[in-house]
Amino acid sequence: MVFMKVLCLIDGLGSGGAQRQLVGLASLLKKEGYDVLVVYYHGDHFFVPFLKEKGVAYRYVGGANRVDEKFIKVFKTIKSFGPDAVISYMGGANMFDPFGRQKISFDCFGKEFDAKIGFEDTFEILFVSF
């Protein structure tokens, strides 16, 4: 059963901490039955194999050189998915928050990634509505 459609937005899927948190959160939401789509617009694809392994849908919205072109492509992607909520990480991606129907604010508490344990066992998620 799908609870809601959640779009997770970030600038790229490079090997950084925010990216690690976002893909960990996306995989947990997917595991709990949410319809999740991760959208990114810079060509860093480090975490794509993890998303594939966890069965999380993702979309790279690249190919635009100008900021206004990227904005339009990301906006069209958000609109076509029709999310109930948009979760964004990082400054550039946060400008798209107003296009989500509902905002979700959350605190994410986690340890450093342990390859032997995996994301699900290292992240504890606390959702807080405002």
# chains A, B, ... in the order shown; residues from 1 in each chain; ligands from 1
$ residues_around --residues "Leu51 (chain A)" --least-positions-apart "3" --cutoff "9 Å" --atoms "only C-alpha atoms" --output "number ranges by chain"
A: 23-24, 26-27, 38, 47-48, 54-58
$ write_last_selection --atoms "N, CA and C atoms" --output "mmCIF file, in the first residue's frame"
data_model
loop_
_atom_site.group_PDB
_atom_site.id
_atom_site.type_symbol
_atom_site.label_atom_id
_atom_site.label_comp_id
_atom_site.auth_asym_id
_atom_site.auth_seq_id
_atom_site.Cartn_x
_atom_site.Cartn_y
_atom_site.Cartn_z
ATOM 1 N N VAL A 23 19.673 9.813 0.410
ATOM 2 C CA VAL A 23 19.418 8.482 -0.155
ATOM 3 C C VAL A 23 19.039 7.492 0.941
ATOM 4 N N GLY A 24 19.593 7.663 2.142
ATOM 5 C CA GLY A 24 19.188 6.817 3.271
ATOM 6 C C GLY A 24 17.734 7.037 3.630
ATOM 7 N N ALA A 26 15.403 8.295 1.623
ATOM 8 C CA ALA A 26 14.581 7.821 0.500
ATOM 9 C C ALA A 26 14.392 6.306 0.561
ATOM 10 N N SER A 27 15.452 5.576 0.884
ATOM 11 C CA SER A 27 15.329 4.109 0.948
ATOM 12 C C SER A 27 14.446 3.673 2.108
ATOM 13 N N VAL A 38 13.707 10.309 -6.269
ATOM 14 C CA VAL A 38 14.851 11.181 -5.995
ATOM 15 C C VAL A 38 15.185 11.910 -7.284
ATOM 16 N N PHE A 47 25.769 7.892 -5.648
ATOM 17 C CA PHE A 47 24.808 7.084 -4.895
ATOM 18 C C PHE A 47 23.761 6.386 -5.763
ATOM 19 N N VAL A 48 23.854 6.492 -7.065
ATOM 20 C CA VAL A 48 22.886 5.827 -7.952
ATOM 21 C C VAL A 48 22.874 4.305 -7.747
ATOM 22 N N LYS A 54 18.228 -0.540 -3.724
ATOM 23 C CA LYS A 54 17.086 -0.421 -2.817
ATOM 24 C C LYS A 54 15.761 -0.265 -3.551
ATOM 25 N N GLY A 55 15.794 -0.202 -4.879
ATOM 26 C CA GLY A 55 14.562 -0.080 -5.655
ATOM 27 C C GLY A 55 13.920 1.296 -5.588
ATOM 28 N N VAL A 56 14.723 2.309 -5.323
ATOM 29 C CA VAL A 56 14.219 3.687 -5.240
ATOM 30 C C VAL A 56 14.322 4.330 -6.620
ATOM 31 N N ALA A 57 13.225 4.881 -7.099
ATOM 32 C CA ALA A 57 13.221 5.559 -8.396
ATOM 33 C C ALA A 57 14.038 6.850 -8.297
ATOM 34 N N TYR A 58 14.740 7.174 -9.359
ATOM 35 C CA TYR A 58 15.521 8.404 -9.384
ATOM 36 C C TYR A 58 15.475 8.975 -10.795
#
$ select_by_dssp --residues "region 17-70 of chain A" --states "alpha helix (DSSP H)" --output "VMD selection string"
chain A and resid 17 to 31 48 to 54 67 to 70
$ closest_residue --among "A:Leu13, A:Val86, A:Ile72, A:Val67" --to "Leu37 (chain A)" --atoms "only C-alpha atoms"
A:Val86
$ atom_distance --atom1 "CA of Asp44 (chain A)" --atom2 "CA of Ala18 (chain A)"
13.0 Å
$ atom_distance --atom1 "CA of Ile78 (chain A)" --atom2 "CA of Phe46 (chain A)"
22.3 Å
$ select_by_dssp --residues "region 4-68 of chain A" --states "strand (DSSP E or B)" --output "VMD selection string"
chain A and resid 5 to 10 35 to 40 57 to 60
$ write_last_selection --atoms "all heavy atoms" --output "compact mmCIF listing (two decimals), in the first residue's frame"
# COMPACT_ATOMS: atom_id res chain seq x y z
N LYS A 5 3.05 10.17 -2.15
CA LYS A 5 4.15 10.37 -3.09
C LYS A 5 5.10 11.42 -2.53
O LYS A 5 4.68 12.54 -2.23
CB LYS A 5 3.59 10.83 -4.44
CG LYS A 5 2.75 9.77 -5.12
CD LYS A 5 2.11 10.30 -6.38
CE LYS A 5 3.08 10.24 -7.51
NZ LYS A 5 2.46 10.50 -8.82
N VAL A 6 6.36 11.04 -2.40
CA VAL A 6 7.38 11.93 -1.82
C VAL A 6 8.49 12.12 -2.84
O VAL A 6 9.07 11.15 -3.32
CB VAL A 6 7.96 11.35 -0.52
CG1 VAL A 6 9.03 12.27 0.05
CG2 VAL A 6 6.86 11.11 0.51
N LEU A 7 8.78 13.36 -3.17
CA LEU A 7 9.87 13.69 -4.06
C LEU A 7 11.03 14.22 -3.22
O LEU A 7 10.84 15.15 -2.43
CB LEU A 7 9.43 14.75 -5.08
CG LEU A 7 10.47 15.07 -6.16
CD1 LEU A 7 9.79 15.11 -7.52
CD2 LEU A 7 11.17 16.37 -5.87
N CYS A 8 12.19 13.60 -3.34
CA CYS A 8 13.39 14.02 -2.63
C CYS A 8 14.28 14.74 -3.64
O CYS A 8 14.65 14.16 -4.66
CB CYS A 8 14.11 12.82 -2.05
SG CYS A 8 13.17 11.92 -0.81
N LEU A 9 14.63 15.97 -3.34
CA LEU A 9 15.35 16.82 -4.29
C LEU A 9 16.68 17.26 -3.71
O LEU A 9 16.76 17.71 -2.56
CB LEU A 9 14.49 18.04 -4.62
CG LEU A 9 15.05 19.06 -5.59
CD1 LEU A 9 15.22 18.45 -6.97
CD2 LEU A 9 14.12 20.26 -5.66
N ILE A 10 17.73 17.12 -4.52
CA ILE A 10 19.07 17.56 -4.12
C ILE A 10 19.82 17.95 -5.39
O ILE A 10 19.45 17.53 -6.49
CB ILE A 10 19.81 16.44 -3.34
CG1 ILE A 10 21.03 16.99 -2.63
CG2 ILE A 10 20.12 15.25 -4.24
CD1 ILE A 10 21.54 16.12 -1.51
N ASP A 35 5.75 6.08 -2.14
CA ASP A 35 6.16 6.18 -3.54
C ASP A 35 7.19 7.31 -3.59
O ASP A 35 6.84 8.48 -3.46
CB ASP A 35 4.95 6.49 -4.42
CG ASP A 35 5.27 6.55 -5.89
OD1 ASP A 35 6.42 6.24 -6.28
OD2 ASP A 35 4.37 6.92 -6.67
N VAL A 36 8.46 6.96 -3.76
CA VAL A 36 9.56 7.92 -3.64
C VAL A 36 10.26 8.12 -4.99
O VAL A 36 10.51 7.16 -5.70
CB VAL A 36 10.60 7.44 -2.60
CG1 VAL A 36 11.74 8.43 -2.46
CG2 VAL A 36 9.95 7.18 -1.26
N LEU A 37 10.55 9.38 -5.29
CA LEU A 37 11.36 9.72 -6.45
C LEU A 37 12.46 10.67 -6.01
O LEU A 37 12.18 11.72 -5.41
CB LEU A 37 10.51 10.39 -7.54
CG LEU A 37 11.27 10.89 -8.77
CD1 LEU A 37 11.91 9.73 -9.54
CD2 LEU A 37 10.34 11.69 -9.69
N VAL A 38 13.71 10.31 -6.27
CA VAL A 38 14.85 11.18 -5.99
C VAL A 38 15.19 11.91 -7.28
O VAL A 38 15.37 11.29 -8.33
CB VAL A 38 16.07 10.37 -5.50
CG1 VAL A 38 17.30 11.26 -5.38
CG2 VAL A 38 15.76 9.69 -4.17
N VAL A 39 15.25 13.23 -7.21
CA VAL A 39 15.55 14.06 -8.38
C VAL A 39 16.81 14.86 -8.08
O VAL A 39 16.95 15.44 -7.01
CB VAL A 39 14.38 15.02 -8.70
CG1 VAL A 39 14.74 15.95 -9.84
CG2 VAL A 39 13.11 14.24 -9.02
N TYR A 40 17.73 14.87 -9.05
CA TYR A 40 18.94 15.67 -8.92
C TYR A 40 19.31 16.25 -10.28
O TYR A 40 18.91 15.72 -11.32
CB TYR A 40 20.09 14.84 -8.33
CG TYR A 40 20.55 13.66 -9.15
CD1 TYR A 40 21.77 13.71 -9.82
CD2 TYR A 40 19.80 12.50 -9.24
CE1 TYR A 40 22.22 12.63 -10.56
CE2 TYR A 40 20.24 11.41 -9.97
CZ TYR A 40 21.45 11.48 -10.63
OH TYR A 40 21.90 10.43 -11.36
N ALA A 57 13.22 4.88 -7.10
CA ALA A 57 13.22 5.56 -8.40
C ALA A 57 14.04 6.85 -8.30
O ALA A 57 14.01 7.53 -7.27
CB ALA A 57 11.79 5.87 -8.82
N TYR A 58 14.74 7.17 -9.36
CA TYR A 58 15.52 8.40 -9.38
C TYR A 58 15.48 8.97 -10.79
O TYR A 58 15.23 8.27 -11.76
CB TYR A 58 16.97 8.15 -8.95
CG TYR A 58 17.73 7.24 -9.88
CD1 TYR A 58 18.48 7.75 -10.92
CD2 TYR A 58 17.66 5.87 -9.71
CE1 TYR A 58 19.16 6.91 -11.79
CE2 TYR A 58 18.34 5.02 -10.57
CZ TYR A 58 19.08 5.55 -11.60
OH TYR A 58 19.75 4.71 -12.46
N ARG A 59 15.68 10.28 -10.87
CA ARG A 59 15.69 10.93 -12.18
C ARG A 59 16.76 12.02 -12.18
O ARG A 59 16.75 12.92 -11.34
CB ARG A 59 14.32 11.54 -12.47
CG ARG A 59 14.21 12.06 -13.90
CD ARG A 59 12.80 12.38 -14.30
NE ARG A 59 11.97 11.19 -14.13
CZ ARG A 59 10.70 11.24 -13.75
NH1 ARG A 59 10.12 12.37 -13.50
NH2 ARG A 59 10.01 10.12 -13.60
N TYR A 60 17.66 11.91 -13.13
CA TYR A 60 18.68 12.95 -13.34
C TYR A 60 18.11 13.94 -14.34
O TYR A 60 17.75 13.59 -15.45
CB TYR A 60 19.97 12.32 -13.87
CG TYR A 60 20.99 13.31 -14.33
CD1 TYR A 60 21.45 14.32 -13.50
CD2 TYR A 60 21.50 13.25 -15.62
CE1 TYR A 60 22.39 15.24 -13.93
CE2 TYR A 60 22.46 14.15 -16.06
CZ TYR A 60 22.89 15.14 -15.21
OH TYR A 60 23.83 16.05 -15.64
$ closest_residue --among "A:Gly92, A:Ala85, A:Met4, A:Leu28" --to "Phe71 (chain A)" --atoms "only C-alpha atoms"
A:Gly92
$ residues_around --residues "His42 (chain A)" --least-positions-apart "5" --cutoff "7 Å" --atoms "only C-alpha atoms" --output "list of chain:residue names"
A:Asp11, A:Gly12, A:Gly62
$ write_last_selection --atoms "C-alpha atoms" --output "short mmCIF file (atom, residue, chain, number, x, y, z; two decimals), in the first residue's frame"
data_model
loop_
_atom_site.label_atom_id
_atom_site.label_comp_id
_atom_site.auth_asym_id
_atom_site.auth_seq_id
_atom_site.Cartn_x
_atom_site.Cartn_y
_atom_site.Cartn_z
CA ASP A 11 21.61 19.21 -6.41
CA GLY A 12 23.67 16.06 -7.06
CA GLY A 62 20.55 17.33 -16.57
#
